[in-house]
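A quick write-up on the structure given underneath.
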Amino acid sequence: MAINVRFEGEIAILSNFARLMNDPRHFDAVRDLRELLDQGYRRFVLDVGGVRETGSTVLGLLTTLTRQVRNSGGEVALANVSPPLEKYLEEMRMDAYWDVFDDSEGASEFLDRSKPGGPDPG
């Protein structure tokens with residue numbers, strides 16, 4: 001997998017975006033996410049801790065992953081957003097596109113309270 005995945009109950013927390021930005025495999029993250037969606041996961045935290053770069057690459061990847069989840073009826077929250085990335089999201093007027101949290105625990109708690117959407121038990 002190009003991205004790291006850990007689970008907190010029915011929530012998938014995706015990370016390793018900082019290293020992924022300098023790796024041509026960052027496009028594989030979409031495939032990895034599709035596998036999780038196929039397993040029934042619908043709530044995701046994108047932990048972008050360590051991502052200091054701003055620009056179209058990171059914005060494109062985050063938007064693509066989010067769109068794929070939302071098109072499948074899921075929800076996404078961002079966690080550990082650095083000040084430069086937060087400023088960039090505001091400048092691009094994308095700050096309203098995601099719920100943003102200081103850490104993945106806060107994002108997971110938010111998603112856990114929102115609506116059902118875990119993997120199929122069978």
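Chain labels A, B, ... are given in the sequence in which chains occur in the structure tokens; within each chain residues are numbered consecutively from 1, and ligands are likewise numbered from 1 in the order shown.
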
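Near region 33-35 of chain A, within 10 Å and counting only C-alpha atoms, sit Met1, Ala2, Ile3, Val5, Ala12, Leu14, Tyr41, Phe44, Leu65, Thr66, Gln68, Val69 and Ser72 of chain A; same-chain residues fewer than 6 positions away were not included.
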
Distance of CA of Val58 (chain A) from CA of Gly73 (chain A), expressed in Å to one decimal place: 22.8 Å

Exercise: Phe7 (chain A) partners within 12 Å, only C-alpha atoms, chain neighbours under 5 positions left out, as number ranges by chain: A: 12-15, 36, 41, 43-45, 104-105, 108, 118-119

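Among the residues of region 3-121 of chain A, backbone DSSP assigns strand (DSSP E or B) to A:Asn4, A:Val5, A:Arg6, A:Phe7, A:Glu8, A:Ile11, A:Ala12, A:Ile13, A:Leu14, A:Ser15, A:Arg43, A:Phe44, A:Val45, A:Leu46, A:Asp47, A:Glu75, A:Val76, A:Ala77, A:Leu78, A:Ala79, A:Asp99, A:Val100, A:Phe101.
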
Just the selected residues (N, CA and C atoms), exported as a PDB file, in the first residue's frame, please.
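To be explicit, this is the file written out as again.pdb:
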ATOM      1  N   ASN A   4      -0.364   4.529   4.576  1.00  0.00           N
ATOM      2  CA  ASN A   4      -0.496   3.742   5.798  1.00  0.00           C
ATOM      3  C   ASN A   4      -1.952   3.779   6.234  1.00  0.00           C
ATOM      4  N   VAL A   5      -2.431   2.655   6.741  1.00  0.00           N
ATOM      5  CA  VAL A   5      -3.818   2.563   7.192  1.00  0.00           C
ATOM      6  C   VAL A   5      -3.828   1.932   8.572  1.00  0.00           C
ATOM      7  N   ARG A   6      -4.578   2.559   9.461  1.00  0.00           N
ATOM      8  CA  ARG A   6      -4.865   1.928  10.750  1.00  0.00           C
ATOM      9  C   ARG A   6      -6.356   2.122  10.996  1.00  0.00           C
ATOM     10  N   PHE A   7      -6.897   1.286  11.847  1.00  0.00           N
ATOM     11  CA  PHE A   7      -8.336   1.300  12.066  1.00  0.00           C
ATOM     12  C   PHE A   7      -8.647   1.599  13.518  1.00  0.00           C
ATOM     13  N   GLU A   8      -9.662   2.416  13.692  1.00  0.00           N
ATOM     14  CA  GLU A   8     -10.246   2.659  15.004  1.00  0.00           C
ATOM     15  C   GLU A   8     -11.714   2.293  14.860  1.00  0.00           C
ATOM     16  N   ILE A  11     -13.629   3.127  11.540  1.00  0.00           N
ATOM     17  CA  ILE A  11     -13.022   4.283  10.884  1.00  0.00           C
ATOM     18  C   ILE A  11     -11.617   3.919  10.426  1.00  0.00           C
ATOM     19  N   ALA A  12     -11.320   4.237   9.166  1.00  0.00           N
ATOM     20  CA  ALA A  12      -9.984   4.013   8.616  1.00  0.00           C
ATOM     21  C   ALA A  12      -9.214   5.331   8.671  1.00  0.00           C
ATOM     22  N   ILE A  13      -8.043   5.279   9.270  1.00  0.00           N
ATOM     23  CA  ILE A  13      -7.186   6.463   9.362  1.00  0.00           C
ATOM     24  C   ILE A  13      -6.038   6.266   8.386  1.00  0.00           C
ATOM     25  N   LEU A  14      -5.989   7.135   7.386  1.00  0.00           N
ATOM     26  CA  LEU A  14      -4.971   7.059   6.342  1.00  0.00           C
ATOM     27  C   LEU A  14      -3.882   8.076   6.640  1.00  0.00           C
ATOM     28  N   SER A  15      -2.633   7.662   6.503  1.00  0.00           N
ATOM     29  CA  SER A  15      -1.523   8.579   6.761  1.00  0.00           C
ATOM     30  C   SER A  15      -0.367   8.279   5.811  1.00  0.00           C
ATOM     31  N   ARG A  43     -16.043   5.745   6.501  1.00  0.00           N
ATOM     32  CA  ARG A  43     -15.594   6.901   7.282  1.00  0.00           C
ATOM     33  C   ARG A  43     -14.079   6.882   7.351  1.00  0.00           C
ATOM     34  N   PHE A  44     -13.485   8.020   6.935  1.00  0.00           N
ATOM     35  CA  PHE A  44     -12.033   8.099   6.805  1.00  0.00           C
ATOM     36  C   PHE A  44     -11.488   9.368   7.426  1.00  0.00           C
ATOM     37  N   VAL A  45     -10.345   9.213   8.067  1.00  0.00           N
ATOM     38  CA  VAL A  45      -9.566  10.352   8.534  1.00  0.00           C
ATOM     39  C   VAL A  45      -8.321  10.390   7.662  1.00  0.00           C
ATOM     40  N   LEU A  46      -8.090  11.525   7.030  1.00  0.00           N
ATOM     41  CA  LEU A  46      -6.855  11.729   6.270  1.00  0.00           C
ATOM     42  C   LEU A  46      -5.914  12.489   7.192  1.00  0.00           C
ATOM     43  N   ASP A  47      -4.960  11.777   7.773  1.00  0.00           N
ATOM     44  CA  ASP A  47      -3.995  12.371   8.691  1.00  0.00           C
ATOM     45  C   ASP A  47      -2.842  12.915   7.859  1.00  0.00           C
ATOM     46  N   GLU A  75     -17.810   9.647   4.514  1.00  0.00           N
ATOM     47  CA  GLU A  75     -17.394  10.922   5.083  1.00  0.00           C
ATOM     48  C   GLU A  75     -15.885  10.947   5.270  1.00  0.00           C
ATOM     49  N   VAL A  76     -15.329  12.158   5.192  1.00  0.00           N
ATOM     50  CA  VAL A  76     -13.893  12.354   5.353  1.00  0.00           C
ATOM     51  C   VAL A  76     -13.647  13.542   6.264  1.00  0.00           C
ATOM     52  N   ALA A  77     -12.629  13.412   7.109  1.00  0.00           N
ATOM     53  CA  ALA A  77     -12.169  14.534   7.927  1.00  0.00           C
ATOM     54  C   ALA A  77     -10.648  14.591   7.809  1.00  0.00           C
ATOM     55  N   LEU A  78     -10.094  15.784   7.910  1.00  0.00           N
ATOM     56  CA  LEU A  78      -8.640  15.967   7.901  1.00  0.00           C
ATOM     57  C   LEU A  78      -8.142  16.116   9.328  1.00  0.00           C
ATOM     58  N   ALA A  79      -6.947  15.600   9.573  1.00  0.00           N
ATOM     59  CA  ALA A  79      -6.336  15.719  10.894  1.00  0.00           C
ATOM     60  C   ALA A  79      -4.875  16.121  10.749  1.00  0.00           C
ATOM     61  N   ASP A  99     -13.996  18.868   7.300  1.00  0.00           N
ATOM     62  CA  ASP A  99     -13.949  19.138   8.728  1.00  0.00           C
ATOM     63  C   ASP A  99     -12.496  18.891   9.129  1.00  0.00           C
ATOM     64  N   VAL A 100     -11.892  19.861   9.809  1.00  0.00           N
ATOM     65  CA  VAL A 100     -10.475  19.790  10.149  1.00  0.00           C
ATOM     66  C   VAL A 100     -10.322  19.680  11.662  1.00  0.00           C
ATOM     67  N   PHE A 101      -9.431  18.766  12.096  1.00  0.00           N
ATOM     68  CA  PHE A 101      -9.208  18.509  13.514  1.00  0.00           C
ATOM     69  C   PHE A 101      -7.721  18.546  13.831  1.00  0.00           C
TER      70      PHE A 101
END

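Pairwise distance (CA of Arg93 (chain A), CA of Val81 (chain A)) equals 15.3 Å.
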
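For the atom pair formed by CA of Ser114 (chain A) and CA of Thr57 (chain A), the distance is 29.4 Å, given to one decimal.
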
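Near Ser56 (chain A), within 12 Å and counting only C-alpha atoms, sit Met21, Glu53, Thr54, Val58, Leu59, Gly60, Leu61, Leu62, Thr63, Thr64, Leu85, Tyr88, Leu89 and Met92 of chain A, not including residues fewer than 2 positions from it in the same chain.
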
Residues as selected, all heavy atoms, written as a CSV table (one decimal), in the first residue's frame, can you do that?
chain,number,residue,atom,x,y,z
A,21,MET,N,4.0,12.5,-1.1
A,21,MET,CA,4.0,13.6,-2.0
A,21,MET,C,5.2,13.6,-3.0
A,21,MET,O,5.2,14.1,-4.1
A,21,MET,CB,3.9,14.9,-1.3
A,21,MET,CG,2.6,15.2,-0.6
A,21,MET,SD,1.2,15.4,-1.8
A,21,MET,CE,0.6,13.7,-1.9
A,53,GLU,N,4.4,20.7,2.3
A,53,GLU,CA,4.3,21.2,0.9
A,53,GLU,C,2.8,21.6,0.6
A,53,GLU,O,1.9,21.0,1.1
A,53,GLU,CB,4.7,20.2,-0.1
A,53,GLU,CG,6.1,19.8,0.0
A,53,GLU,CD,6.5,18.7,-0.9
A,53,GLU,OE1,5.9,18.6,-2.0
A,53,GLU,OE2,7.3,17.9,-0.6
A,54,THR,N,2.7,22.7,-0.1
A,54,THR,CA,1.4,23.1,-0.6
A,54,THR,C,1.4,23.1,-2.1
A,54,THR,O,2.5,23.2,-2.7
A,54,THR,CB,1.0,24.5,0.0
A,54,THR,OG1,1.9,25.4,-0.4
A,54,THR,CG2,0.9,24.5,1.5
A,58,VAL,N,-0.8,18.1,-3.6
A,58,VAL,CA,-1.4,17.7,-2.4
A,58,VAL,C,-2.9,18.0,-2.4
A,58,VAL,O,-3.8,17.2,-2.0
A,58,VAL,CB,-0.8,18.3,-1.2
A,58,VAL,CG1,-1.0,19.8,-1.1
A,58,VAL,CG2,-1.3,17.6,0.1
A,59,LEU,N,-3.3,19.1,-2.9
A,59,LEU,CA,-4.7,19.5,-3.0
A,59,LEU,C,-5.5,18.5,-3.9
A,59,LEU,O,-6.6,18.1,-3.6
A,59,LEU,CB,-4.9,20.9,-3.5
A,59,LEU,CG,-6.3,21.4,-3.5
A,59,LEU,CD1,-6.9,21.4,-2.1
A,59,LEU,CD2,-6.3,22.9,-4.1
A,60,GLY,N,-4.9,18.2,-5.1
A,60,GLY,CA,-5.5,17.2,-6.0
A,60,GLY,C,-5.7,15.9,-5.4
A,60,GLY,O,-6.7,15.2,-5.5
A,61,LEU,N,-4.7,15.4,-4.7
A,61,LEU,CA,-4.8,14.1,-4.0
A,61,LEU,C,-5.8,14.0,-3.0
A,61,LEU,O,-6.7,13.2,-2.9
A,61,LEU,CB,-3.4,13.6,-3.5
A,61,LEU,CG,-3.4,12.3,-2.8
A,61,LEU,CD1,-3.8,11.2,-3.7
A,61,LEU,CD2,-2.1,12.0,-2.1
A,62,LEU,N,-5.8,15.0,-2.1
A,62,LEU,CA,-6.8,15.1,-1.0
A,62,LEU,C,-8.3,15.2,-1.6
A,62,LEU,O,-9.2,14.6,-1.1
A,62,LEU,CB,-6.5,16.2,-0.1
A,62,LEU,CG,-5.2,16.1,0.7
A,62,LEU,CD1,-5.0,17.4,1.6
A,62,LEU,CD2,-5.2,14.9,1.6
A,63,THR,N,-8.4,16.0,-2.6
A,63,THR,CA,-9.7,16.2,-3.2
A,63,THR,C,-10.2,15.0,-3.9
A,63,THR,O,-11.3,14.6,-3.8
A,63,THR,CB,-9.7,17.4,-4.2
A,63,THR,OG1,-9.2,18.6,-3.6
A,63,THR,CG2,-11.0,17.7,-4.9
A,64,THR,N,-9.3,14.3,-4.6
A,64,THR,CA,-9.6,13.1,-5.3
A,64,THR,C,-10.1,12.0,-4.3
A,64,THR,O,-11.1,11.3,-4.5
A,64,THR,CB,-8.4,12.6,-6.2
A,64,THR,OG1,-8.2,13.6,-7.2
A,64,THR,CG2,-8.8,11.2,-6.9
A,85,LEU,N,-0.3,24.3,5.3
A,85,LEU,CA,-1.3,23.7,4.5
A,85,LEU,C,-2.7,24.3,4.8
A,85,LEU,O,-3.5,24.5,3.9
A,85,LEU,CB,-1.3,22.2,4.8
A,85,LEU,CG,-2.4,21.3,4.0
A,85,LEU,CD1,-2.2,21.5,2.5
A,85,LEU,CD2,-2.2,19.9,4.4
A,88,TYR,N,-3.0,27.4,2.9
A,88,TYR,CA,-3.2,27.2,1.5
A,88,TYR,C,-4.6,26.8,1.2
A,88,TYR,O,-5.3,27.2,0.3
A,88,TYR,CB,-2.2,26.1,1.0
A,88,TYR,CG,-2.4,25.7,-0.4
A,88,TYR,CD1,-1.9,26.6,-1.4
A,88,TYR,CD2,-2.9,24.5,-0.8
A,88,TYR,CE1,-2.1,26.4,-2.7
A,88,TYR,CE2,-3.1,24.3,-2.2
A,88,TYR,CZ,-2.6,25.2,-3.1
A,88,TYR,OH,-2.8,24.9,-4.5
A,89,LEU,N,-5.2,25.9,2.1
A,89,LEU,CA,-6.6,25.5,1.9
A,89,LEU,C,-7.5,26.7,2.0
A,89,LEU,O,-8.5,26.8,1.2
A,89,LEU,CB,-7.0,24.5,3.0
A,89,LEU,CG,-6.3,23.1,2.8
A,89,LEU,CD1,-6.7,22.2,4.0
A,89,LEU,CD2,-6.7,22.4,1.5
A,92,MET,N,-7.2,28.8,-1.2
A,92,MET,CA,-7.8,28.2,-2.3
A,92,MET,C,-9.4,28.0,-2.1
A,92,MET,O,-10.1,27.4,-2.9
A,92,MET,CB,-7.2,26.8,-2.6
A,92,MET,CG,-5.8,26.8,-2.9
A,92,MET,SD,-5.4,27.9,-4.4
A,92,MET,CE,-6.2,27.0,-5.7

Those of chain A in DSSP helix (DSSP H, G or I), formatted as an MDAnalysis selection string: chainID A and resid 17:20 24:38 56:71 83:91 104:114

Test item: residues at most 7 Å from region 17-19 of chain A, only C-alpha atoms, excluding those fewer than 6 positions along its chain, as a list of chain:residue names: A:Ile3, A:Val48, A:Gly50, A:Val51
